[in-house]
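Source file: entry06.cif. Holds: mmCIF, C-alpha atoms.
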```
data_start
#
loop_
_atom_site.label_atom_id
_atom_site.label_comp_id
_atom_site.auth_asym_id
_atom_site.auth_seq_id
_atom_site.Cartn_x
_atom_site.Cartn_y
_atom_site.Cartn_z
CA MET A 1 0.00 0.00 0.00
CA ALA A 2 2.84 2.38 0.85
CA ASP A 3 4.49 1.62 -2.51
CA MET A 4 1.24 2.36 -4.32
CA ASN A 5 0.85 5.68 -2.51
CA LYS A 6 4.39 6.67 -3.53
CA LEU A 7 3.71 5.80 -7.16
CA LEU A 8 0.42 7.70 -7.17
CA SER A 9 2.02 10.72 -5.50
CA ALA A 10 4.72 10.78 -8.16
CA ASN A 11 2.09 10.54 -10.90
CA PHE A 12 0.00 13.36 -9.41
CA LEU A 13 3.11 15.53 -9.17
CA ARG A 14 3.76 14.90 -12.87
CA LEU A 15 0.11 15.57 -13.62
CA ARG A 16 0.20 19.03 -12.07
CA LYS A 17 2.93 20.03 -14.52
CA ASN A 18 1.59 18.10 -17.53
CA THR A 19 0.67 20.46 -20.39
CA CYS A 20 -1.31 17.76 -22.19
CA PHE A 21 -3.56 17.31 -19.15
CA TRP A 22 -4.23 21.03 -18.80
CA GLY A 23 -4.79 21.30 -22.53
CA CYS A 24 -7.47 18.58 -22.29
CA VAL A 25 -9.10 20.39 -19.35
CA ILE A 26 -9.20 23.70 -21.22
CA TYR A 27 -10.58 21.99 -24.33
CA MET A 28 -13.43 20.39 -22.37
CA ILE A 29 -14.28 23.72 -20.71
CA VAL A 30 -14.39 25.48 -24.08
CA VAL A 31 -16.58 22.78 -25.62
CA ALA A 32 -18.91 22.81 -22.60
CA VAL A 33 -19.34 26.58 -22.93
CA ILE A 34 -19.68 26.78 -26.70
CA TYR A 35 -21.96 23.80 -27.30
CA PRO A 36 -25.07 25.04 -25.40
CA ILE A 37 -24.55 28.54 -26.78
CA ILE A 38 -24.53 27.20 -30.35
CA ARG A 39 -27.69 25.21 -29.66
CA TYR A 40 -29.35 28.27 -28.14
CA VAL A 41 -28.45 30.47 -31.11
CA GLY A 42 -29.71 27.79 -33.48
CA MET A 43 -32.97 27.54 -31.56
CA LYS A 44 -33.53 31.29 -31.79
CA HIS A 45 -32.66 31.29 -35.48
CA THR A 46 -34.81 28.33 -36.55
CA GLY A 47 -37.54 28.50 -33.93
CA TYR A 48 -37.05 24.78 -33.25
CA ILE A 49 -37.07 24.12 -29.51
CA THR A 50 -33.84 22.59 -28.24
CA TYR A 51 -33.69 20.89 -24.86
CA LEU A 52 -30.79 20.66 -22.45
CA GLU A 53 -30.23 16.94 -22.96
CA GLY A 54 -29.73 17.42 -26.71
CA GLY A 55 -25.98 17.91 -26.31
CA PHE A 56 -25.60 16.80 -22.71
CA SER A 57 -23.77 13.56 -23.46
CA VAL A 58 -21.58 14.81 -26.31
CA TYR A 59 -18.60 14.46 -23.96
CA ALA A 60 -18.87 10.71 -24.55
CA ILE A 61 -17.28 11.45 -27.95
CA PHE A 62 -14.68 14.03 -26.94
CA VAL A 63 -13.33 12.42 -23.77
CA PRO A 64 -12.29 9.08 -25.38
CA ILE A 65 -10.47 10.99 -28.12
CA LEU A 66 -8.65 13.23 -25.65
CA LEU A 67 -7.80 10.26 -23.44
CA ALA A 68 -6.21 8.48 -26.42
CA ILE A 69 -3.76 11.36 -26.62
CA PHE A 70 -3.22 11.84 -22.90
CA CYS A 71 -2.84 8.20 -21.81
CA SER A 72 -0.38 7.31 -24.57
CA LEU A 73 1.78 10.38 -23.92
CA PHE A 74 1.62 10.23 -20.12
CA VAL A 75 2.55 6.54 -19.89
CA GLY A 76 4.85 6.67 -22.92
CA ARG A 77 6.89 9.38 -21.22
CA GLU A 78 7.76 6.88 -18.49
CA TYR A 79 9.25 4.54 -21.09
CA SER A 80 11.13 7.26 -22.96
CA ASP A 81 12.62 8.61 -19.72
CA GLY A 82 13.40 5.15 -18.37
CA THR A 83 11.18 5.78 -15.35
CA ILE A 84 9.43 2.41 -15.43
CA ARG A 85 12.71 0.51 -15.50
CA ASN A 86 14.01 2.62 -12.61
CA LYS A 87 10.85 1.94 -10.58
CA ILE A 88 11.33 -1.79 -10.98
CA MET A 89 15.02 -1.56 -10.10
CA ILE A 90 14.27 0.15 -6.77
CA GLY A 91 11.78 -2.57 -5.82
CA HIS A 92 8.32 -1.50 -7.06
CA LYS A 93 6.11 -4.36 -8.24
CA ARG A 94 4.96 -4.41 -11.84
CA LEU A 95 1.34 -4.78 -10.74
CA ASP A 96 1.60 -1.63 -8.59
CA ILE A 97 3.20 0.30 -11.46
CA TYR A 98 0.46 -0.75 -13.87
CA LEU A 99 -2.37 -0.01 -11.43
CA SER A 100 -0.92 3.36 -10.43
CA ASN A 101 -0.90 4.47 -14.07
CA LEU A 102 -4.39 3.07 -14.62
CA ILE A 103 -5.72 4.88 -11.53
CA THR A 104 -4.08 8.13 -12.62
CA ASN A 105 -5.56 7.86 -16.11
CA ALA A 106 -8.96 7.01 -14.62
CA ILE A 107 -8.84 10.08 -12.38
CA VAL A 108 -8.04 12.24 -15.40
CA MET A 109 -11.01 10.66 -17.20
CA PHE A 110 -13.26 11.39 -14.22
CA LEU A 111 -12.09 15.01 -14.05
CA LEU A 112 -12.64 15.65 -17.78
CA CYS A 113 -16.17 14.21 -17.70
CA THR A 114 -17.11 16.04 -14.49
CA ILE A 115 -15.69 19.38 -15.62
CA PHE A 116 -17.69 19.17 -18.84
CA LEU A 117 -20.92 18.32 -17.02
CA ILE A 118 -20.57 21.11 -14.45
CA VAL A 119 -19.71 23.79 -17.01
CA TYR A 120 -22.36 22.55 -19.49
CA LEU A 121 -25.08 22.67 -16.84
CA CYS A 122 -24.01 26.11 -15.59
CA VAL A 123 -24.18 27.53 -19.12
CA GLY A 124 -26.95 25.35 -20.55
CA ILE A 125 -29.65 25.58 -17.87
CA PRO A 126 -30.04 29.40 -18.09
CA LEU A 127 -30.18 29.17 -21.91
CA LEU A 128 -32.05 25.94 -22.60
CA GLY A 129 -33.92 25.23 -19.37
CA PHE A 130 -33.87 21.99 -17.42
CA PHE A 131 -34.11 18.42 -18.74
CA LYS A 132 -37.28 17.35 -20.49
CA SER A 133 -36.37 13.67 -20.12
CA ASP A 134 -36.82 11.82 -16.84
CA VAL A 135 -33.95 12.71 -14.50
CA SER A 136 -33.40 9.07 -13.53
CA TYR A 137 -32.85 8.20 -17.19
CA VAL A 138 -30.40 11.09 -17.58
CA LEU A 139 -28.48 9.87 -14.53
CA GLN A 140 -28.27 6.38 -16.04
CA ILE A 141 -26.82 7.86 -19.22
CA VAL A 142 -24.27 9.80 -17.14
CA CYS A 143 -23.24 6.62 -15.28
CA LEU A 144 -22.97 4.76 -18.57
CA ALA A 145 -20.82 7.51 -20.11
CA TYR A 146 -18.43 7.42 -17.14
CA ILE A 147 -18.07 3.63 -17.27
CA LEU A 148 -17.72 3.76 -21.06
CA CYS A 149 -14.93 6.35 -20.81
CA LEU A 150 -13.32 4.16 -18.15
CA ALA A 151 -13.40 1.25 -20.61
CA PHE A 152 -11.53 3.38 -23.15
CA THR A 153 -9.08 4.37 -20.39
CA CYS A 154 -8.39 0.70 -19.64
CA ILE A 155 -7.81 0.01 -23.34
CA TYR A 156 -5.40 2.94 -23.73
CA THR A 157 -3.54 2.08 -20.52
CA ALA A 158 -3.08 -1.52 -21.66
CA VAL A 159 -1.75 -0.42 -25.06
CA SER A 160 0.57 2.19 -23.55
CA MET A 161 1.93 -0.15 -20.87
CA ILE A 162 2.57 -2.97 -23.35
CA SER A 163 4.31 -0.81 -25.98
CA SER A 164 7.66 0.74 -25.11
CA SER A 165 7.33 3.27 -27.95
CA LYS A 166 5.42 6.45 -27.18
CA ALA A 167 4.89 7.07 -30.90
CA ILE A 168 3.49 3.60 -31.55
CA SER A 169 1.17 3.65 -28.54
CA SER A 170 -0.10 7.11 -29.55
CA ILE A 171 -0.85 5.96 -33.09
CA VAL A 172 -2.54 2.74 -31.92
CA CYS A 173 -4.69 4.56 -29.34
CA MET A 174 -5.76 7.28 -31.79
CA MET A 175 -6.50 4.82 -34.57
CA SER A 176 -8.42 2.51 -32.25
CA VAL A 177 -10.83 5.18 -31.02
CA PHE A 178 -11.63 6.43 -34.52
CA ILE A 179 -11.96 2.91 -35.93
CA LEU A 180 -14.25 1.88 -33.08
CA ILE A 181 -16.45 4.96 -33.54
CA MET A 182 -16.64 4.42 -37.32
CA ILE A 183 -17.62 0.79 -36.74
CA GLY A 184 -20.25 2.04 -34.31
CA ILE A 185 -21.68 4.47 -36.85
CA TYR A 186 -21.80 1.72 -39.50
CA ILE A 187 -23.46 -0.88 -37.27
CA ASN A 188 -25.95 1.67 -35.95
CA ALA A 189 -26.85 2.72 -39.50
CA ARG A 190 -27.39 -0.90 -40.56
CA LEU A 191 -29.70 -1.52 -37.62
CA GLU A 192 -31.65 1.65 -38.45
CA GLU A 193 -32.38 0.45 -41.99
CA PRO A 194 -36.18 0.20 -42.50
CA LYS A 195 -37.67 -3.18 -43.36
CA MET A 196 -39.71 -1.73 -46.24
CA TYR A 197 -39.08 1.25 -48.48
CA PRO A 198 -41.36 3.05 -50.97
CA ALA A 199 -41.04 2.17 -54.65
CA TYR A 200 -42.77 3.76 -57.64
CA ASN A 201 -43.95 2.28 -60.93
CA VAL A 202 -45.12 4.19 -63.99
CA LEU A 203 -48.39 2.76 -65.32
CA GLN A 204 -49.40 2.67 -69.00
CA ASP A 205 -51.58 5.76 -68.58
CA GLY A 206 -48.62 7.68 -67.17
CA GLU A 207 -49.77 7.66 -63.58
CA MET A 208 -47.43 6.78 -60.72
CA GLU A 209 -48.16 3.75 -58.60
CA GLU A 210 -46.65 3.70 -55.12
CA LYS A 211 -45.97 0.44 -53.33
CA GLU A 212 -43.63 -0.89 -50.68
CA GLU A 213 -40.76 -3.24 -51.37
CA LEU A 214 -38.51 -5.19 -49.04
CA ASN A 215 -35.28 -3.37 -48.25
CA PRO A 216 -32.37 -5.67 -49.23
CA ASN A 217 -30.16 -3.95 -46.61
CA TYR A 218 -32.54 -4.79 -43.77
CA LEU A 219 -30.97 -7.17 -41.26
CA GLU A 220 -32.98 -10.19 -40.19
CA GLY A 221 -32.60 -13.31 -38.08
CA ALA A 222 -29.27 -14.31 -36.56
CA LYS A 223 -27.38 -11.63 -38.50
CA ARG A 224 -29.48 -8.90 -36.89
CA ASP A 225 -28.94 -10.47 -33.45
CA VAL A 226 -25.15 -10.37 -33.99
CA TYR A 227 -25.25 -6.74 -35.10
CA ALA A 228 -27.48 -5.84 -32.13
CA PHE A 229 -25.06 -7.52 -29.70
CA LEU A 230 -22.05 -5.75 -31.22
CA ASN A 231 -23.97 -2.47 -31.11
CA ASP A 232 -24.39 -2.88 -27.36
CA PHE A 233 -21.00 -4.43 -26.56
CA LEU A 234 -18.41 -2.51 -28.58
CA PRO A 235 -17.34 0.77 -26.95
CA GLY A 236 -17.47 2.69 -30.24
CA ASP A 237 -21.12 1.68 -30.70
CA GLN A 238 -21.87 2.75 -27.15
CA VAL A 239 -20.33 6.15 -27.91
CA VAL A 240 -22.78 6.61 -30.80
CA GLN A 241 -25.72 5.63 -28.61
CA CYS A 242 -24.62 7.88 -25.74
CA ALA A 243 -24.12 10.87 -28.00
CA SER A 244 -27.64 10.48 -29.41
CA MET A 245 -29.21 9.86 -25.96
CA GLN A 246 -31.12 6.95 -27.50
CA ILE A 247 -30.38 3.96 -25.28
CA GLU A 248 -32.95 1.32 -24.49
CA LYS A 249 -30.85 -0.76 -22.09
CA PRO A 250 -28.34 1.52 -20.30
CA VAL A 251 -27.73 -0.98 -17.47
CA VAL A 252 -26.83 -3.74 -19.95
CA LEU A 253 -24.38 -1.43 -21.67
CA MET A 254 -22.82 -0.56 -18.30
CA ILE A 255 -22.25 -4.27 -17.67
CA TYR A 256 -20.61 -4.69 -21.09
CA SER A 257 -18.34 -1.68 -20.47
CA GLY A 258 -17.41 -3.10 -17.07
CA MET A 259 -16.52 -6.40 -18.75
CA ILE A 260 -14.27 -4.54 -21.21
CA CYS A 261 -12.52 -2.83 -18.27
CA ILE A 262 -11.83 -6.16 -16.58
CA ILE A 263 -10.79 -8.02 -19.75
CA THR A 264 -8.45 -5.33 -21.13
CA SER A 265 -6.88 -4.65 -17.72
CA GLY A 266 -6.33 -8.36 -17.13
CA ILE A 267 -4.65 -8.76 -20.51
CA GLY A 268 -2.60 -5.58 -19.99
CA ILE A 269 -1.38 -6.65 -16.56
CA TYR A 270 -0.45 -10.13 -17.78
CA LEU A 271 1.49 -8.88 -20.81
CA PHE A 272 3.21 -6.14 -18.81
CA LYS A 273 4.40 -8.70 -16.28
CA GLN A 274 5.90 -10.76 -19.12
CA LYS A 275 7.46 -7.76 -20.86
CA ASP A 276 11.23 -7.53 -21.12
CA LEU A 277 12.18 -4.01 -20.05
CA LYS A 278 15.94 -4.34 -20.61
#
```
Now, as a test, write the supplied structure out as structure tokens.
Amino acid sequence: MADMNKLLSANFLRLRKNTCFWGCVIYMIVVAVIYPIIRYVGMKHTGYITYLEGGFSVYAIFVPILLAIFCSLFVGREYSDGTIRNKIMIGHKRLDIYLSNLITNAIVMFLLCTIFLIVYLCVGIPLLGFFKSDVSYVLQIVCLAYILCLAFTCIYTAVSMISSSKAISSIVCMMSVFILIMIGIYINARLEEPKMYPAYNVLQDGEMEEKEELNPNYLEGAKRDVYAFLNDFLPGDQVVQCASMQIEKPVVLMIYSGMICIITSGIGIYLFKQKDLK
């Protein structure tokens, strides 16, 4: 326990002076201020009523992207400076080193999410009013977004702790978040395909006949079940659902994100213990 406290204290000292961390904080504050203002201006311009929850969970997109940068650079710095090797040489356990970095990254994740929510509510409530949706549902979405961002944090920490190259870990983390989100957009779009779509035929007298035809892109049977599972399980798909505030089973998605945290951390710890640091 004493060793862990020393490792965490050293990480927090680094964090206070870390420009990447403060850059992420400033970015989230700016987004949290600008986003409700843009929605308010758009509402006044178009006359279309915009509610507070419309952009409330947009941080579920921004935080994973920022964490991909922060986690890879923060942990990668320890490899480039030889800090991890030095920690092991003076007697720190590999498990404690891994967990201390994971906890530090998780705290940064928590701070970024919380800062966005506080600033967004302070700016958004006076402009857009309070939530129209049930508050309990909004709280479930918030809990899901936190656990989802933690899942991304566990993924990035595992990648950064396994790779000794800061450049490689940065590239892998950045590519993984964008690939996962693109997969999420694709799967979500496939599931949103209508079963029937309108088709038109021109009759002999020149009139148009409208009828419905089966959409060949509509997913059915086992294939649809697989897509639905992936849409709930994969973190990129959860990001898409969180951002749209259209989640039917938030508790199920929390469980899946928790499973991702456990699986990726377990793999990361195992591979880090086997890693040759010479």
Check your understanding: Distance CA of Ser80 in chain A-CA of Ser163 in chain A, one decimal place?
Key -> 11.0 Å
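Here the question is which of A:Ile103, A:Leu234, A:Met43, A:Leu8 gets nearest to Met182 in chain A using only C-alpha atoms, and that residue is A:Leu234.
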Tell me which protein, DNA and RNA residues are within 12 Å of Leu139 in chain A, counting all atoms listed in the file, leaving out same-chain ones fewer than 5 positions away, and put them as a CSV table (one decimal) with C-alpha atoms, in the frame of the given file.
```csv
chain,number,residue,atom,x,y,z
A,53,GLU,CA,-30.2,16.9,-23.0
A,56,PHE,CA,-25.6,16.8,-22.7
A,57,SER,CA,-23.8,13.6,-23.5
A,117,LEU,CA,-20.9,18.3,-17.0
A,131,PHE,CA,-34.1,18.4,-18.7
A,133,SER,CA,-36.4,13.7,-20.1
A,134,ASP,CA,-36.8,11.8,-16.8
A,144,LEU,CA,-23.0,4.8,-18.6
A,145,ALA,CA,-20.8,7.5,-20.1
A,146,TYR,CA,-18.4,7.4,-17.1
A,245,MET,CA,-29.2,9.9,-26.0
A,250,PRO,CA,-28.3,1.5,-20.3
A,251,VAL,CA,-27.7,-1.0,-17.5
```
Considering all atoms listed in the file, return as a compact mmCIF listing (two decimals) with C-alpha atoms, in the frame of the given file whatever protein or nucleic-acid residues lie within 10 Å of range 104-116 of chain A, sequence-local ones (same chain, fewer than 3 positions apart) excluded.
```txt
# COMPACT_ATOMS: atom_id res chain seq x y z
CA LEU A 7 3.71 5.80 -7.16
CA LEU A 8 0.42 7.70 -7.17
CA SER A 9 2.02 10.72 -5.50
CA ASN A 11 2.09 10.54 -10.90
CA PHE A 12 0.00 13.36 -9.41
CA LEU A 15 0.11 15.57 -13.62
CA PHE A 21 -3.56 17.31 -19.15
CA CYS A 24 -7.47 18.58 -22.29
CA VAL A 25 -9.10 20.39 -19.35
CA ILE A 26 -9.20 23.70 -21.22
CA TYR A 27 -10.58 21.99 -24.33
CA MET A 28 -13.43 20.39 -22.37
CA ILE A 29 -14.28 23.72 -20.71
CA VAL A 30 -14.39 25.48 -24.08
CA VAL A 31 -16.58 22.78 -25.62
CA ALA A 32 -18.91 22.81 -22.60
CA VAL A 33 -19.34 26.58 -22.93
CA PHE A 56 -25.60 16.80 -22.71
CA SER A 57 -23.77 13.56 -23.46
CA VAL A 58 -21.58 14.81 -26.31
CA TYR A 59 -18.60 14.46 -23.96
CA ALA A 60 -18.87 10.71 -24.55
CA PHE A 62 -14.68 14.03 -26.94
CA VAL A 63 -13.33 12.42 -23.77
CA PRO A 64 -12.29 9.08 -25.38
CA LEU A 66 -8.65 13.23 -25.65
CA LEU A 67 -7.80 10.26 -23.44
CA PHE A 70 -3.22 11.84 -22.90
CA CYS A 71 -2.84 8.20 -21.81
CA SER A 72 -0.38 7.31 -24.57
CA PHE A 74 1.62 10.23 -20.12
CA VAL A 75 2.55 6.54 -19.89
CA LEU A 99 -2.37 -0.01 -11.43
CA SER A 100 -0.92 3.36 -10.43
CA ASN A 101 -0.90 4.47 -14.07
CA VAL A 119 -19.71 23.79 -17.01
CA TYR A 120 -22.36 22.55 -19.49
CA LEU A 121 -25.08 22.67 -16.84
CA CYS A 122 -24.01 26.11 -15.59
CA VAL A 142 -24.27 9.80 -17.14
CA ALA A 145 -20.82 7.51 -20.11
CA TYR A 146 -18.43 7.42 -17.14
CA ILE A 147 -18.07 3.63 -17.27
CA CYS A 149 -14.93 6.35 -20.81
CA LEU A 150 -13.32 4.16 -18.15
CA ALA A 151 -13.40 1.25 -20.61
CA PHE A 152 -11.53 3.38 -23.15
CA THR A 153 -9.08 4.37 -20.39
CA CYS A 154 -8.39 0.70 -19.64
CA TYR A 156 -5.40 2.94 -23.73
CA THR A 157 -3.54 2.08 -20.52
```
Practice item. Enumerate, as JSON, numbers by chain, the residues matched when the PyMOL selection byres ((chain A and resi 185-197) around 10) is run on the file above. Key: {"A": [179, 180, 181, 182, 183, 184, 198, 199, 211, 212, 213, 214, 215, 216, 217, 218, 219, 220, 224, 225, 227, 228, 230, 231, 232, 236, 237, 238, 239, 240, 241]}
Review point. A:Leu253, A:Ala10, A:Lys223, A:Met175: which is nearest Lys87 in chain A, counting all atoms listed in the file?
Key: A:Ala10
**Study point:** Separation of CA of Arg94 in chain A from CA of Phe272 in chain A in Å
**Key:**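 Result for CA of Phe272 in chain A versus CA of Arg94 in chain A: 7.4 Å, one decimal.
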Point to revise | Nearest residue to Met174 in chain A from the set A:Ala68, A:Val123, A:Phe229, A:Gly91 (distances using all atoms listed in the file) | key: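 Distance minimum relative to Met174 in chain A lands on A:Ala68.
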Selected range 61-79 of chain A, written as a PDB file, in the first residue's frame, N, CA, C and O atoms:
```
ATOM      1  N   ILE A  61     -18.096  11.497 -26.729  1.00  0.00           N
ATOM      2  CA  ILE A  61     -17.281  11.446 -27.950  1.00  0.00           C
ATOM      3  C   ILE A  61     -15.920  12.092 -27.706  1.00  0.00           C
ATOM      4  O   ILE A  61     -14.877  11.529 -28.050  1.00  0.00           O
ATOM      5  N   PHE A  62     -15.918  13.262 -27.088  1.00  0.00           N
ATOM      6  CA  PHE A  62     -14.681  14.028 -26.944  1.00  0.00           C
ATOM      7  C   PHE A  62     -13.707  13.409 -25.940  1.00  0.00           C
ATOM      8  O   PHE A  62     -12.501  13.385 -26.182  1.00  0.00           O
ATOM      9  N   VAL A  63     -14.215  12.932 -24.813  1.00  0.00           N
ATOM     10  CA  VAL A  63     -13.333  12.418 -23.767  1.00  0.00           C
ATOM     11  C   VAL A  63     -12.521  11.214 -24.235  1.00  0.00           C
ATOM     12  O   VAL A  63     -11.296  11.170 -24.015  1.00  0.00           O
ATOM     13  N   PRO A  64     -13.118  10.198 -24.892  1.00  0.00           N
ATOM     14  CA  PRO A  64     -12.294   9.080 -25.375  1.00  0.00           C
ATOM     15  C   PRO A  64     -11.195   9.508 -26.342  1.00  0.00           C
ATOM     16  O   PRO A  64     -10.103   8.934 -26.335  1.00  0.00           O
ATOM     17  N   ILE A  65     -11.477  10.513 -27.177  1.00  0.00           N
ATOM     18  CA  ILE A  65     -10.466  10.989 -28.124  1.00  0.00           C
ATOM     19  C   ILE A  65      -9.324  11.690 -27.379  1.00  0.00           C
ATOM     20  O   ILE A  65      -8.139  11.451 -27.657  1.00  0.00           O
ATOM     21  N   LEU A  66      -9.677  12.538 -26.421  1.00  0.00           N
ATOM     22  CA  LEU A  66      -8.646  13.229 -25.645  1.00  0.00           C
ATOM     23  C   LEU A  66      -7.829  12.245 -24.807  1.00  0.00           C
ATOM     24  O   LEU A  66      -6.615  12.390 -24.667  1.00  0.00           O
ATOM     25  N   LEU A  67      -8.501  11.243 -24.256  1.00  0.00           N
ATOM     26  CA  LEU A  67      -7.797  10.256 -23.441  1.00  0.00           C
ATOM     27  C   LEU A  67      -6.810   9.441 -24.271  1.00  0.00           C
ATOM     28  O   LEU A  67      -5.770   9.017 -23.760  1.00  0.00           O
ATOM     29  N   ALA A  68      -7.141   9.207 -25.543  1.00  0.00           N
ATOM     30  CA  ALA A  68      -6.215   8.477 -26.419  1.00  0.00           C
ATOM     31  C   ALA A  68      -4.894   9.222 -26.523  1.00  0.00           C
ATOM     32  O   ALA A  68      -3.816   8.607 -26.559  1.00  0.00           O
ATOM     33  N   ILE A  69      -4.977  10.547 -26.549  1.00  0.00           N
ATOM     34  CA  ILE A  69      -3.761  11.361 -26.617  1.00  0.00           C
ATOM     35  C   ILE A  69      -3.055  11.383 -25.277  1.00  0.00           C
ATOM     36  O   ILE A  69      -1.851  11.131 -25.173  1.00  0.00           O
ATOM     37  N   PHE A  70      -3.834  11.675 -24.227  1.00  0.00           N
ATOM     38  CA  PHE A  70      -3.219  11.842 -22.902  1.00  0.00           C
ATOM     39  C   PHE A  70      -2.580  10.553 -22.395  1.00  0.00           C
ATOM     40  O   PHE A  70      -1.422  10.548 -21.965  1.00  0.00           O
ATOM     41  N   CYS A  71      -3.335   9.458 -22.399  1.00  0.00           N
ATOM     42  CA  CYS A  71      -2.836   8.200 -21.811  1.00  0.00           C
ATOM     43  C   CYS A  71      -1.563   7.718 -22.499  1.00  0.00           C
ATOM     44  O   CYS A  71      -0.602   7.307 -21.842  1.00  0.00           O
ATOM     45  N   SER A  72      -1.556   7.787 -23.833  1.00  0.00           N
ATOM     46  CA  SER A  72      -0.381   7.305 -24.567  1.00  0.00           C
ATOM     47  C   SER A  72       0.841   8.171 -24.291  1.00  0.00           C
ATOM     48  O   SER A  72       1.962   7.656 -24.163  1.00  0.00           O
ATOM     49  N   LEU A  73       0.648   9.483 -24.181  1.00  0.00           N
ATOM     50  CA  LEU A  73       1.777  10.377 -23.924  1.00  0.00           C
ATOM     51  C   LEU A  73       2.231  10.313 -22.467  1.00  0.00           C
ATOM     52  O   LEU A  73       3.438  10.321 -22.179  1.00  0.00           O
ATOM     53  N   PHE A  74       1.278  10.229 -21.554  1.00  0.00           N
ATOM     54  CA  PHE A  74       1.621  10.228 -20.125  1.00  0.00           C
ATOM     55  C   PHE A  74       2.384   8.963 -19.758  1.00  0.00           C
ATOM     56  O   PHE A  74       3.426   9.019 -19.089  1.00  0.00           O
ATOM     57  N   VAL A  75       1.875   7.804 -20.184  1.00  0.00           N
ATOM     58  CA  VAL A  75       2.548   6.540 -19.892  1.00  0.00           C
ATOM     59  C   VAL A  75       3.796   6.389 -20.757  1.00  0.00           C
ATOM     60  O   VAL A  75       4.838   5.929 -20.284  1.00  0.00           O
ATOM     61  N   GLY A  76       3.708   6.797 -22.028  1.00  0.00           N
ATOM     62  CA  GLY A  76       4.852   6.674 -22.925  1.00  0.00           C
ATOM     63  C   GLY A  76       6.056   7.463 -22.455  1.00  0.00           C
ATOM     64  O   GLY A  76       7.211   7.069 -22.702  1.00  0.00           O
ATOM     65  N   ARG A  77       5.788   8.567 -21.757  1.00  0.00           N
ATOM     66  CA  ARG A  77       6.886   9.380 -21.219  1.00  0.00           C
ATOM     67  C   ARG A  77       7.708   8.573 -20.210  1.00  0.00           C
ATOM     68  O   ARG A  77       8.934   8.738 -20.115  1.00  0.00           O
ATOM     69  N   GLU A  78       7.046   7.696 -19.475  1.00  0.00           N
ATOM     70  CA  GLU A  78       7.762   6.878 -18.488  1.00  0.00           C
ATOM     71  C   GLU A  78       8.728   5.908 -19.165  1.00  0.00           C
ATOM     72  O   GLU A  78       9.788   5.607 -18.631  1.00  0.00           O
ATOM     73  N   TYR A  79       8.340   5.424 -20.341  1.00  0.00           N
ATOM     74  CA  TYR A  79       9.253   4.541 -21.088  1.00  0.00           C
ATOM     75  C   TYR A  79      10.404   5.336 -21.683  1.00  0.00           C
ATOM     76  O   TYR A  79      11.565   4.926 -21.603  1.00  0.00           O
TER      77      TYR A  79
END
```
